>>> print(open('final_21.cif').read())   # mmCIF, C-alpha atoms
data_structure
#
loop_
_atom_site.label_atom_id
_atom_site.label_comp_id
_atom_site.auth_asym_id
_atom_site.auth_seq_id
_atom_site.Cartn_x
_atom_site.Cartn_y
_atom_site.Cartn_z
CA MET U 1 89.91 94.30 83.94
CA SER U 2 93.17 93.71 82.06
CA GLU U 3 95.74 96.42 81.44
CA PRO U 4 96.26 97.61 77.86
CA LEU U 5 99.34 96.07 76.20
CA GLN U 6 101.33 99.22 75.59
CA THR U 7 104.20 100.00 73.28
CA GLU U 8 107.65 101.16 74.33
CA GLN U 9 106.81 104.62 72.98
CA PHE U 10 103.73 104.85 75.19
CA GLN U 11 105.61 103.65 78.28
CA SER U 12 108.38 106.17 77.67
CA THR U 13 105.95 109.07 77.18
CA LEU U 14 104.13 108.13 80.37
CA ALA U 15 107.37 107.82 82.39
CA ILE U 16 108.72 111.18 81.15
CA ALA U 17 105.42 112.93 81.86
CA HIS U 18 105.18 111.42 85.34
CA GLN U 19 108.72 112.55 86.15
CA ALA U 20 107.97 116.07 84.86
CA PHE U 21 104.71 116.16 86.82
CA GLU U 22 106.59 115.25 90.02
CA HIS U 23 108.90 118.22 89.42
CA PHE U 24 105.89 120.41 88.57
CA GLN U 25 104.23 119.40 91.84
CA HIS U 26 107.49 120.07 93.71
CA GLY U 27 107.74 123.51 92.07
CA LEU U 28 104.19 124.42 93.10
CA ALA U 29 104.80 123.28 96.68
CA THR U 30 108.25 124.82 97.20
CA GLY U 31 108.94 127.49 94.55
CA GLU U 32 111.90 125.41 93.29
CA TRP U 33 111.39 125.07 89.55
CA GLN U 34 114.85 124.11 88.31
CA ALA U 35 114.18 120.36 88.01
CA PHE U 36 110.99 120.99 86.04
CA LEU U 37 112.64 123.57 83.77
CA GLU U 38 115.45 121.10 83.01
CA MET U 39 112.80 118.79 81.57
CA VAL U 40 111.30 121.24 79.07
CA THR U 41 112.58 121.75 75.51
CA ASP U 42 114.13 125.09 74.46
CA ASP U 43 111.10 125.71 72.22
CA PHE U 44 108.68 124.79 75.02
CA SER U 45 105.32 126.55 74.79
CA PHE U 46 102.34 126.69 77.10
CA TRP U 47 98.76 127.97 77.19
CA PHE U 48 97.46 129.46 80.42
CA PRO U 49 93.78 130.35 81.00
CA MET U 50 93.97 133.81 82.59
CA GLY U 51 95.95 136.70 84.08
CA PRO U 52 99.20 138.25 82.80
CA PHE U 53 100.26 134.94 81.17
CA HIS U 54 96.88 134.32 79.52
CA GLY U 55 97.12 132.65 76.11
CA LEU U 56 100.11 131.17 74.31
CA ASN U 57 103.55 131.67 75.89
CA GLN U 58 106.67 130.62 74.03
CA GLY U 59 110.17 129.67 75.08
CA LYS U 60 111.89 128.35 78.16
CA ALA U 61 112.74 131.85 79.46
CA ARG U 62 109.07 132.80 79.39
CA ALA U 63 108.28 129.57 81.26
CA ALA U 64 110.83 130.44 83.96
CA GLU U 65 109.18 133.88 84.36
CA PHE U 66 105.77 132.28 84.58
CA PHE U 67 106.67 129.76 87.26
CA GLN U 68 108.36 132.53 89.29
CA TYR U 69 105.10 134.48 89.00
CA VAL U 70 103.08 131.44 90.14
CA SER U 71 105.32 130.94 93.16
CA ASN U 72 105.16 134.65 94.04
CA THR U 73 101.35 134.39 93.89
CA PHE U 74 101.29 131.26 96.07
CA SER U 75 104.28 132.08 98.25
CA SER U 76 103.47 129.46 100.89
CA GLY U 77 103.02 126.77 98.24
CA LEU U 78 100.22 125.14 96.27
CA PHE U 79 99.51 121.50 97.11
CA ILE U 80 98.17 118.91 94.69
CA THR U 81 95.87 115.90 95.02
CA LEU U 82 96.20 113.89 91.81
CA ASP U 83 92.90 112.30 90.75
CA ARG U 84 93.53 110.78 87.33
CA VAL U 85 96.19 110.26 84.63
CA ILE U 86 95.15 109.73 80.99
CA ALA U 87 97.75 109.16 78.29
CA ASN U 88 98.38 108.41 74.66
CA GLU U 89 101.71 108.02 72.83
CA THR U 90 102.51 111.76 72.82
CA THR U 91 100.27 113.47 75.39
CA VAL U 92 99.56 112.87 79.08
CA VAL U 93 96.73 114.59 80.95
CA PHE U 94 96.78 114.97 84.74
CA GLU U 95 93.50 115.83 86.46
CA PHE U 96 94.10 117.15 89.97
CA ARG U 97 92.81 119.41 92.71
CA ASP U 98 95.03 122.01 94.32
CA GLU U 99 94.90 124.02 97.51
CA GLY U 100 96.91 126.75 99.17
CA LEU U 101 96.91 130.45 100.05
CA MET U 102 96.75 133.18 97.42
CA ALA U 103 97.97 136.44 98.95
CA GLY U 104 97.00 134.97 102.34
CA ALA U 105 93.46 133.95 101.34
CA PRO U 106 92.33 130.32 101.00
CA TYR U 107 92.58 129.10 97.40
CA LYS U 108 91.25 125.85 95.91
CA ASN U 109 90.87 124.77 92.32
CA ARG U 110 90.39 121.84 89.97
CA VAL U 111 92.91 121.64 87.17
CA ALA U 112 93.71 119.57 84.09
CA VAL U 113 97.18 119.92 82.58
CA SER U 114 98.01 118.31 79.28
CA PHE U 115 101.73 117.66 78.70
CA ASP U 116 103.09 116.94 75.19
CA VAL U 117 106.24 114.79 75.27
CA ARG U 118 109.02 114.86 72.64
CA GLY U 119 112.04 112.60 73.23
CA ASP U 120 112.77 112.76 76.97
CA LYS U 121 111.34 116.25 77.47
CA ILE U 122 108.08 118.18 77.66
CA CYS U 123 107.69 120.34 74.54
CA ALA U 124 104.32 121.95 75.36
CA TYR U 125 101.57 122.03 77.88
CA ARG U 126 98.06 123.40 78.23
CA GLU U 127 96.44 124.24 81.53
CA TYR U 128 92.67 124.19 82.12
CA PHE U 129 90.69 125.28 85.20
CA GLY U 130 87.74 123.24 86.42
CA SER U 131 86.62 125.49 89.28
CA ASP U 132 86.69 129.09 90.49
CA GLY U 133 89.65 129.27 92.90
CA LYS U 134 87.32 128.90 95.90
CA SER U 135 86.23 125.27 95.88
CA ASN U 136 87.33 121.97 94.43
CA MET P 1 105.64 105.34 65.57
CA SER P 2 103.57 102.19 66.20
CA GLU P 3 100.11 102.24 67.73
CA PRO P 4 99.66 100.79 71.21
CA LEU P 5 98.16 97.28 71.21
CA GLN P 6 94.98 98.00 73.10
CA THR P 7 92.59 95.73 74.97
CA GLU P 8 88.95 95.22 74.13
CA GLN P 9 87.99 97.23 77.23
CA PHE P 10 90.04 100.18 76.05
CA GLN P 11 88.60 100.03 72.53
CA SER P 12 85.07 99.89 73.89
CA THR P 13 85.62 102.86 76.24
CA LEU P 14 87.08 104.88 73.38
CA ALA P 15 84.23 104.02 70.99
CA ILE P 16 81.52 104.88 73.57
CA ALA P 17 83.20 108.17 74.46
CA HIS P 18 83.62 109.12 70.78
CA GLN P 19 79.95 108.41 70.14
CA ALA P 20 78.93 110.47 73.19
CA PHE P 21 81.25 113.29 72.15
CA GLU P 22 79.62 113.39 68.70
CA HIS P 23 76.23 113.80 70.37
CA PHE P 24 77.70 116.41 72.74
CA GLN P 25 79.07 118.35 69.76
CA HIS P 26 75.69 118.05 68.01
CA GLY P 27 73.94 119.34 71.15
CA LEU P 28 76.21 122.37 71.38
CA ALA P 29 75.70 123.18 67.70
CA THR P 30 71.94 122.63 67.51
CA GLY P 31 70.40 122.63 71.00
CA GLU P 32 69.26 119.02 70.43
CA TRP P 33 70.49 117.09 73.47
CA GLN P 34 68.36 113.95 73.39
CA ALA P 35 70.96 111.68 71.78
CA PHE P 36 73.60 112.75 74.31
CA LEU P 37 71.23 112.38 77.28
CA GLU P 38 70.34 108.85 76.12
CA MET P 39 74.02 107.97 76.54
CA VAL P 40 74.38 109.07 80.17
CA THR P 41 73.64 106.85 83.19
CA ASP P 42 70.77 107.67 85.56
CA ASP P 43 73.32 108.52 88.27
CA PHE P 44 75.36 110.68 85.86
CA SER P 45 77.25 113.50 87.56
CA PHE P 46 79.26 116.41 86.21
CA TRP P 47 81.52 119.19 87.42
CA PHE P 48 81.27 122.58 85.74
CA PRO P 49 83.76 125.44 86.35
CA MET P 50 81.48 128.47 86.82
CA GLY P 51 78.05 130.12 86.78
CA PRO P 52 74.75 128.73 88.11
CA PHE P 53 75.90 125.12 87.54
CA HIS P 54 79.31 125.64 89.16
CA GLY P 55 80.59 122.59 91.06
CA LEU P 56 79.19 119.08 91.29
CA ASN P 57 75.81 118.42 89.63
CA GLN P 58 74.10 115.07 90.13
CA GLY P 59 71.52 113.14 88.14
CA LYS P 60 70.27 112.97 84.60
CA ALA P 61 67.48 115.52 85.23
CA ARG P 62 70.02 118.06 86.40
CA ALA P 63 72.09 117.35 83.27
CA ALA P 64 69.05 117.98 81.06
CA GLU P 65 68.52 121.34 82.83
CA PHE P 66 72.17 122.22 82.36
CA PHE P 67 72.30 121.49 78.64
CA GLN P 68 69.10 123.49 78.15
CA TYR P 69 70.81 126.37 79.95
CA VAL P 70 73.91 126.02 77.75
CA SER P 71 71.80 126.11 74.59
CA ASN P 72 69.82 129.11 75.86
CA THR P 73 73.15 130.89 76.48
CA PHE P 74 74.49 129.99 73.01
CA SER P 75 71.19 130.10 71.14
CA SER P 76 72.82 130.21 67.70
CA GLY P 77 75.08 127.26 68.54
CA LEU P 78 78.60 126.64 69.81
CA PHE P 79 80.97 125.04 67.30
CA ILE P 80 83.87 122.77 68.15
CA THR P 81 87.32 122.17 66.68
CA LEU P 82 88.66 118.97 68.24
CA ASP P 83 92.43 119.10 68.85
CA ARG P 84 93.28 115.97 70.77
CA VAL P 85 91.83 112.79 72.30
CA ILE P 86 93.57 111.06 75.22
CA ALA P 87 92.18 107.86 76.73
CA ASN P 88 92.68 105.12 79.26
CA GLU P 89 90.43 102.13 80.02
CA THR P 90 87.78 104.17 81.85
CA THR P 91 88.29 107.85 81.00
CA VAL P 92 88.56 109.78 77.73
CA VAL P 93 89.69 113.42 77.56
CA PHE P 94 88.79 115.64 74.60
CA GLU P 95 90.76 118.86 74.17
CA PHE P 96 88.97 121.28 71.85
CA ARG P 97 88.38 124.89 70.97
CA ASP P 98 84.88 126.29 70.65
CA GLU P 99 83.40 129.37 69.07
CA GLY P 100 79.99 131.00 68.80
CA LEU P 101 77.89 133.90 70.02
CA MET P 102 77.01 134.40 73.69
CA ALA P 103 74.01 136.72 73.93
CA GLY P 104 75.01 138.05 70.51
CA ALA P 105 78.67 138.75 71.40
CA PRO P 106 81.59 136.75 69.95
CA TYR P 107 82.62 133.92 72.25
CA LYS P 108 85.70 131.68 72.00
CA ASN P 109 87.21 129.27 74.47
CA ARG P 110 89.55 126.34 74.96
CA VAL P 111 88.05 123.40 76.76
CA ALA P 112 89.01 119.98 78.09
CA VAL P 113 86.20 117.57 78.93
CA SER P 114 86.94 114.32 80.71
CA PHE P 115 84.28 111.59 80.21
CA ASP P 116 84.14 108.55 82.52
CA VAL P 117 82.67 105.49 80.77
CA ARG P 118 80.77 102.68 82.53
CA GLY P 119 79.35 99.89 80.35
CA ASP P 120 78.03 101.56 77.21
CA LYS P 121 77.27 104.90 78.87
CA ILE P 122 78.92 108.01 80.28
CA CYS P 123 78.62 108.00 84.08
CA ALA P 124 80.42 111.28 84.82
CA TYR P 125 82.23 114.14 83.22
CA ARG P 126 84.36 117.08 84.26
CA GLU P 127 84.70 120.26 82.22
CA TYR P 128 87.75 122.55 82.35
CA PHE P 129 88.30 125.95 80.69
CA GLY P 130 91.63 126.82 79.11
CA SER P 131 90.86 130.39 78.10
CA ASP P 132 88.68 133.38 78.98
CA GLY P 133 85.73 133.20 76.57
CA LYS P 134 87.36 135.78 74.29
CA SER P 135 90.19 133.96 72.57
CA ASN P 136 91.28 130.43 71.83
#
>>> encode(input="final_21.cif", output="structure tokens")
Amino acid sequence: MSEPLQTEQFQSTLAIAHQAFEHFQHGLATGEWQAFLEMVTDDFSFWFPMGPFHGLNQGKARAAEFFQYVSNTFSSGLFITLDRVIANETTVVFEFRDEGLMAGAPYKNRVAVSFDVRGDKICAYREYFGSDGKSN
Amino acid sequence: MSEPLQTEQFQSTLAIAHQAFEHFQHGLATGEWQAFLEMVTDDFSFWFPMGPFHGLNQGKARAAEFFQYVSNTFSSGLFITLDRVIANETTVVFEFRDEGLMAGAPYKNRVAVSFDVRGDKICAYREYFGSDGKSN
């Protein structure tokens, strides 16, 4: 099966999203979010499925609060197995499974995150849950 | 922004997934699932995030049961607004919002479905929820 012949725009979007996803993965594992936050635009917005950050959240400061909250919730880290990457010229979707401890109890989920790229940054993302926090 | 120059394989995957998604949308709106089920392989499998079909479900018969259950749950239909389509040579992700009545009560969600294409059929899909059933 041949690879699609992709444009420069597509290749750039994919490279930026991959870099951001590496930082995202590092943040989940370690609680260090600075590298990821440096890759989001000032007007960054994100949708989260549940909890205190449910719905649309706007701005980089709100994102910093959110990722702190995530790392407080999973204080020993959340670890990702990446299953699939799907991209177009502006959006890249990562399908993955994650696993860790939530307040000491085993946690597992399936997740899809959809990153929108503008220039060399992530301007928005949407997170979707594919399981129940107990199996993946 | 120029369009990516895509291969035949990519174009075929995208066309098959779009056709299946139209039937999927029709099934959700009307309860008529035959056209969608004709487009899935005999070994079709799907992952669903919650409820009696939570987890991995295998086989076309199980899929038929599932879609009947969905249409019983949303007996007056579930209606989709498609936001985004992201594709590679084997997988197509549809990000959408849906809205309807669940047992008579207003229901709204955000959803990502990821369809895997093999030949001219869908061989697997994974569903992910981006909201709580109350807002989208």
>>> interface_residues(input="final_21.cif", of="chain P", to="chain U", cutoff="8 Å", atoms="all atoms listed in the file", output="ChimeraX atom specification")
/P:1-7,9-10,47-50,54-55,86-89,91-93,111-112,126-132,135-136
>>> calpha_fit_and_write(input="final_21.cif", fixed="chain P", moving="chain U", output="PDB file with C-alpha atoms, in the frame of the given file")
ATOM      1  CA  MET U   1     105.643 105.209  65.504  1.00  0.00           C
ATOM      2  CA  SER U   2     103.572 102.090  66.205  1.00  0.00           C
ATOM      3  CA  GLU U   3     100.103 102.186  67.718  1.00  0.00           C
ATOM      4  CA  PRO U   4      99.645 100.805  71.237  1.00  0.00           C
ATOM      5  CA  LEU U   5      98.191  97.269  71.283  1.00  0.00           C
ATOM      6  CA  GLN U   6      94.968  97.971  73.119  1.00  0.00           C
ATOM      7  CA  THR U   7      92.563  95.738  74.968  1.00  0.00           C
ATOM      8  CA  GLU U   8      88.906  95.224  74.124  1.00  0.00           C
ATOM      9  CA  GLN U   9      87.990  97.246  77.217  1.00  0.00           C
ATOM     10  CA  PHE U  10      90.048 100.205  76.021  1.00  0.00           C
ATOM     11  CA  GLN U  11      88.604 100.044  72.499  1.00  0.00           C
ATOM     12  CA  SER U  12      85.068  99.913  73.869  1.00  0.00           C
ATOM     13  CA  THR U  13      85.624 102.866  76.221  1.00  0.00           C
ATOM     14  CA  LEU U  14      87.093 104.899  73.378  1.00  0.00           C
ATOM     15  CA  ALA U  15      84.228 104.036  70.986  1.00  0.00           C
ATOM     16  CA  ILE U  16      81.530 104.885  73.565  1.00  0.00           C
ATOM     17  CA  ALA U  17      83.215 108.174  74.457  1.00  0.00           C
ATOM     18  CA  HIS U  18      83.628 109.142  70.805  1.00  0.00           C
ATOM     19  CA  GLN U  19      79.953 108.433  70.130  1.00  0.00           C
ATOM     20  CA  ALA U  20      78.921 110.478  73.190  1.00  0.00           C
ATOM     21  CA  PHE U  21      81.245 113.309  72.158  1.00  0.00           C
ATOM     22  CA  GLU U  22      79.627 113.397  68.697  1.00  0.00           C
ATOM     23  CA  HIS U  23      76.232 113.815  70.376  1.00  0.00           C
ATOM     24  CA  PHE U  24      77.707 116.416  72.749  1.00  0.00           C
ATOM     25  CA  GLN U  25      79.067 118.360  69.776  1.00  0.00           C
ATOM     26  CA  HIS U  26      75.690 118.056  68.023  1.00  0.00           C
ATOM     27  CA  GLY U  27      73.930 119.331  71.163  1.00  0.00           C
ATOM     28  CA  LEU U  28      76.215 122.367  71.388  1.00  0.00           C
ATOM     29  CA  ALA U  29      75.709 123.180  67.704  1.00  0.00           C
ATOM     30  CA  THR U  30      71.940 122.637  67.502  1.00  0.00           C
ATOM     31  CA  GLY U  31      70.396 122.635  71.001  1.00  0.00           C
ATOM     32  CA  GLU U  32      69.261 119.018  70.449  1.00  0.00           C
ATOM     33  CA  TRP U  33      70.499 117.088  73.467  1.00  0.00           C
ATOM     34  CA  GLN U  34      68.350 113.956  73.405  1.00  0.00           C
ATOM     35  CA  ALA U  35      70.953 111.674  71.786  1.00  0.00           C
ATOM     36  CA  PHE U  36      73.597 112.748  74.298  1.00  0.00           C
ATOM     37  CA  LEU U  37      71.240 112.376  77.271  1.00  0.00           C
ATOM     38  CA  GLU U  38      70.353 108.845  76.122  1.00  0.00           C
ATOM     39  CA  MET U  39      74.024 107.967  76.547  1.00  0.00           C
ATOM     40  CA  VAL U  40      74.388 109.065  80.176  1.00  0.00           C
ATOM     41  CA  THR U  41      73.658 106.840  83.190  1.00  0.00           C
ATOM     42  CA  ASP U  42      70.773 107.669  85.567  1.00  0.00           C
ATOM     43  CA  ASP U  43      73.336 108.508  88.271  1.00  0.00           C
ATOM     44  CA  PHE U  44      75.358 110.668  85.864  1.00  0.00           C
ATOM     45  CA  SER U  45      77.248 113.499  87.554  1.00  0.00           C
ATOM     46  CA  PHE U  46      79.253 116.398  86.211  1.00  0.00           C
ATOM     47  CA  TRP U  47      81.526 119.198  87.418  1.00  0.00           C
ATOM     48  CA  PHE U  48      81.264 122.583  85.738  1.00  0.00           C
ATOM     49  CA  PRO U  49      83.744 125.437  86.349  1.00  0.00           C
ATOM     50  CA  MET U  50      81.476 128.464  86.823  1.00  0.00           C
ATOM     51  CA  GLY U  51      78.043 130.109  86.776  1.00  0.00           C
ATOM     52  CA  PRO U  52      74.739 128.727  88.110  1.00  0.00           C
ATOM     53  CA  PHE U  53      75.898 125.113  87.537  1.00  0.00           C
ATOM     54  CA  HIS U  54      79.311 125.630  89.154  1.00  0.00           C
ATOM     55  CA  GLY U  55      80.579 122.596  91.067  1.00  0.00           C
ATOM     56  CA  LEU U  56      79.192 119.074  91.277  1.00  0.00           C
ATOM     57  CA  ASN U  57      75.804 118.408  89.645  1.00  0.00           C
ATOM     58  CA  GLN U  58      74.090 115.070  90.109  1.00  0.00           C
ATOM     59  CA  GLY U  59      71.515 113.134  88.142  1.00  0.00           C
ATOM     60  CA  LYS U  60      70.269 112.973  84.591  1.00  0.00           C
ATOM     61  CA  ALA U  61      67.481 115.522  85.215  1.00  0.00           C
ATOM     62  CA  ARG U  62      70.031 118.067  86.397  1.00  0.00           C
ATOM     63  CA  ALA U  63      72.088 117.339  83.267  1.00  0.00           C
ATOM     64  CA  ALA U  64      69.053 117.984  81.050  1.00  0.00           C
ATOM     65  CA  GLU U  65      68.523 121.349  82.814  1.00  0.00           C
ATOM     66  CA  PHE U  66      72.165 122.222  82.362  1.00  0.00           C
ATOM     67  CA  PHE U  67      72.306 121.492  78.649  1.00  0.00           C
ATOM     68  CA  GLN U  68      69.086 123.497  78.138  1.00  0.00           C
ATOM     69  CA  TYR U  69      70.801 126.369  79.962  1.00  0.00           C
ATOM     70  CA  VAL U  70      73.901 126.036  77.748  1.00  0.00           C
ATOM     71  CA  SER U  71      71.798 126.109  74.593  1.00  0.00           C
ATOM     72  CA  ASN U  72      69.807 129.113  75.849  1.00  0.00           C
ATOM     73  CA  THR U  73      73.131 130.890  76.480  1.00  0.00           C
ATOM     74  CA  PHE U  74      74.477 130.004  73.023  1.00  0.00           C
ATOM     75  CA  SER U  75      71.191 130.106  71.137  1.00  0.00           C
ATOM     76  CA  SER U  76      72.810 130.200  67.693  1.00  0.00           C
ATOM     77  CA  GLY U  77      75.064 127.260  68.552  1.00  0.00           C
ATOM     78  CA  LEU U  78      78.588 126.632  69.803  1.00  0.00           C
ATOM     79  CA  PHE U  79      80.972 125.046  67.300  1.00  0.00           C
ATOM     80  CA  ILE U  80      83.872 122.768  68.171  1.00  0.00           C
ATOM     81  CA  THR U  81      87.326 122.176  66.695  1.00  0.00           C
ATOM     82  CA  LEU U  82      88.666 118.975  68.247  1.00  0.00           C
ATOM     83  CA  ASP U  83      92.429 119.120  68.847  1.00  0.00           C
ATOM     84  CA  ARG U  84      93.295 115.972  70.782  1.00  0.00           C
ATOM     85  CA  VAL U  85      91.823 112.785  72.303  1.00  0.00           C
ATOM     86  CA  ILE U  86      93.585 111.065  75.227  1.00  0.00           C
ATOM     87  CA  ALA U  87      92.189 107.877  76.732  1.00  0.00           C
ATOM     88  CA  ASN U  88      92.681 105.128  79.249  1.00  0.00           C
ATOM     89  CA  GLU U  89      90.437 102.130  80.002  1.00  0.00           C
ATOM     90  CA  THR U  90      87.784 104.172  81.852  1.00  0.00           C
ATOM     91  CA  THR U  91      88.296 107.854  80.996  1.00  0.00           C
ATOM     92  CA  VAL U  92      88.579 109.785  77.730  1.00  0.00           C
ATOM     93  CA  VAL U  93      89.694 113.417  77.562  1.00  0.00           C
ATOM     94  CA  PHE U  94      88.808 115.644  74.601  1.00  0.00           C
ATOM     95  CA  GLU U  95      90.779 118.868  74.180  1.00  0.00           C
ATOM     96  CA  PHE U  96      88.984 121.276  71.856  1.00  0.00           C
ATOM     97  CA  ARG U  97      88.387 124.906  70.989  1.00  0.00           C
ATOM     98  CA  ASP U  98      84.889 126.294  70.649  1.00  0.00           C
ATOM     99  CA  GLU U  99      83.386 129.378  69.079  1.00  0.00           C
ATOM    100  CA  GLY U 100      79.985 130.991  68.801  1.00  0.00           C
ATOM    101  CA  LEU U 101      77.866 133.903  70.025  1.00  0.00           C
ATOM    102  CA  MET U 102      76.992 134.404  73.682  1.00  0.00           C
ATOM    103  CA  ALA U 103      73.985 136.719  73.926  1.00  0.00           C
ATOM    104  CA  GLY U 104      74.998 138.054  70.493  1.00  0.00           C
ATOM    105  CA  ALA U 105      78.646 138.736  71.385  1.00  0.00           C
ATOM    106  CA  PRO U 106      81.573 136.757  69.940  1.00  0.00           C
ATOM    107  CA  TYR U 107      82.626 133.915  72.248  1.00  0.00           C
ATOM    108  CA  LYS U 108      85.711 131.686  71.995  1.00  0.00           C
ATOM    109  CA  ASN U 109      87.209 129.277  74.475  1.00  0.00           C
ATOM    110  CA  ARG U 110      89.565 126.353  74.962  1.00  0.00           C
ATOM    111  CA  VAL U 111      88.056 123.400  76.760  1.00  0.00           C
ATOM    112  CA  ALA U 112      89.016 119.977  78.092  1.00  0.00           C
ATOM    113  CA  VAL U 113      86.208 117.564  78.947  1.00  0.00           C
ATOM    114  CA  SER U 114      86.936 114.313  80.701  1.00  0.00           C
ATOM    115  CA  PHE U 115      84.294 111.597  80.210  1.00  0.00           C
ATOM    116  CA  ASP U 116      84.144 108.542  82.520  1.00  0.00           C
ATOM    117  CA  VAL U 117      82.662 105.485  80.784  1.00  0.00           C
ATOM    118  CA  ARG U 118      80.765 102.662  82.539  1.00  0.00           C
ATOM    119  CA  GLY U 119      79.363  99.871  80.342  1.00  0.00           C
ATOM    120  CA  ASP U 120      78.038 101.565  77.192  1.00  0.00           C
ATOM    121  CA  LYS U 121      77.282 104.898  78.863  1.00  0.00           C
ATOM    122  CA  ILE U 122      78.927 108.011  80.276  1.00  0.00           C
ATOM    123  CA  CYS U 123      78.629 107.998  84.079  1.00  0.00           C
ATOM    124  CA  ALA U 124      80.429 111.290  84.818  1.00  0.00           C
ATOM    125  CA  TYR U 125      82.240 114.139  83.229  1.00  0.00           C
ATOM    126  CA  ARG U 126      84.363 117.098  84.256  1.00  0.00           C
ATOM    127  CA  GLU U 127      84.700 120.260  82.229  1.00  0.00           C
ATOM    128  CA  TYR U 128      87.754 122.546  82.349  1.00  0.00           C
ATOM    129  CA  PHE U 129      88.294 125.948  80.698  1.00  0.00           C
ATOM    130  CA  GLY U 130      91.620 126.814  79.104  1.00  0.00           C
ATOM    131  CA  SER U 131      90.867 130.409  78.103  1.00  0.00           C
ATOM    132  CA  ASP U 132      88.687 133.392  78.987  1.00  0.00           C
ATOM    133  CA  GLY U 133      85.728 133.209  76.577  1.00  0.00           C
ATOM    134  CA  LYS U 134      87.349 135.790  74.280  1.00  0.00           C
ATOM    135  CA  SER U 135      90.189 133.959  72.562  1.00  0.00           C
ATOM    136  CA  ASN U 136      91.278 130.425  71.838  1.00  0.00           C
TER     137      ASN U 136
END
>>> axis_aligned_box(input="final_21.cif", around="region 108-122 of chain P", padding_each_side="8 Å", output="AutoDock Vina command-line options")
--center_x 83.4 --center_y 115.8 --center_z 77.3 --size_x 28.3 --size_y 47.8 --size_z 26.5
>>> closest_residue(input="final_21.cif", among="P:Phe96, P:Tyr125, P:Tyr107, P:Trp33", to="Gly59 (chain P)", atoms="only C-alpha atoms")
P:Tyr125
>>> residues_near_point(input="final_21.cif", point="(98.5, 124.0, 91.4)", cutoff="7 Å", atoms="all atoms listed in the file", output="VMD selection string")
chain U and resid 28 78 to 80 98
>>> write_last_selection(input="final_21.cif", atoms="C-alpha atoms", output="PDB file, in the frame of the given file")
ATOM      1  CA  LEU U  28     104.190 124.420  93.100  1.00  0.00           C
ATOM      2  CA  LEU U  78     100.220 125.140  96.270  1.00  0.00           C
ATOM      3  CA  PHE U  79      99.510 121.500  97.110  1.00  0.00           C
ATOM      4  CA  ILE U  80      98.170 118.910  94.690  1.00  0.00           C
ATOM      5  CA  ASP U  98      95.030 122.010  94.320  1.00  0.00           C
TER       6      ASP U  98
END
>>> atom_distance(input="final_21.cif", atom1="CA of His18 (chain U)", atom2="CA of Thr41 (chain U)")
16.1 Å
>>> atom_distance(input="final_21.cif", atom1="CA of Phe74 (chain U)", atom2="CA of Phe36 (chain U)")
17.3 Å
>>> atom_distance(input="final_21.cif", atom1="CA of Ala124 (chain U)", atom2="CA of Ala29 (chain P)")
29.7 Å
>>> resolve_selection(input="final_21.cif", expression="the PyMOL selection byres ((chain U and resi 30) around 8)", output="list in words")
His26, Gly27, Leu28, Ala29, Gly31, Glu32, Ser71, Ser76 and Gly77 of chain U
>>> resolve_selection(input="final_21.cif", expression="the PyMOL selection byres ((chain P and resi 62) around 12)", output="PyMOL selection string")
chain P and resi 37+40+42-47+52-53+56-61+63-69
>>> residues_near_point(input="final_21.cif", point="(98.6, 134.0, 101.8)", cutoff="7 Å", atoms="only C-alpha atoms", output="tab-separated table (two decimals) with C-alpha atoms, keeping the file's coordinate frame")
chain	number	residue	atom	x	y	z
U	74	PHE	CA	101.29	131.26	96.07
U	75	SER	CA	104.28	132.08	98.25
U	76	SER	CA	103.47	129.46	100.89
U	101	LEU	CA	96.91	130.45	100.05
U	102	MET	CA	96.75	133.18	97.42
U	103	ALA	CA	97.97	136.44	98.95
U	104	GLY	CA	97.00	134.97	102.34
U	105	ALA	CA	93.46	133.95	101.34
>>> resolve_selection(input="final_21.cif", expression="the PyMOL selection byres ((chain U and resi 121) around 8)", output="ChimeraX atom specification")
/U:16,39-41,117-120,122-123
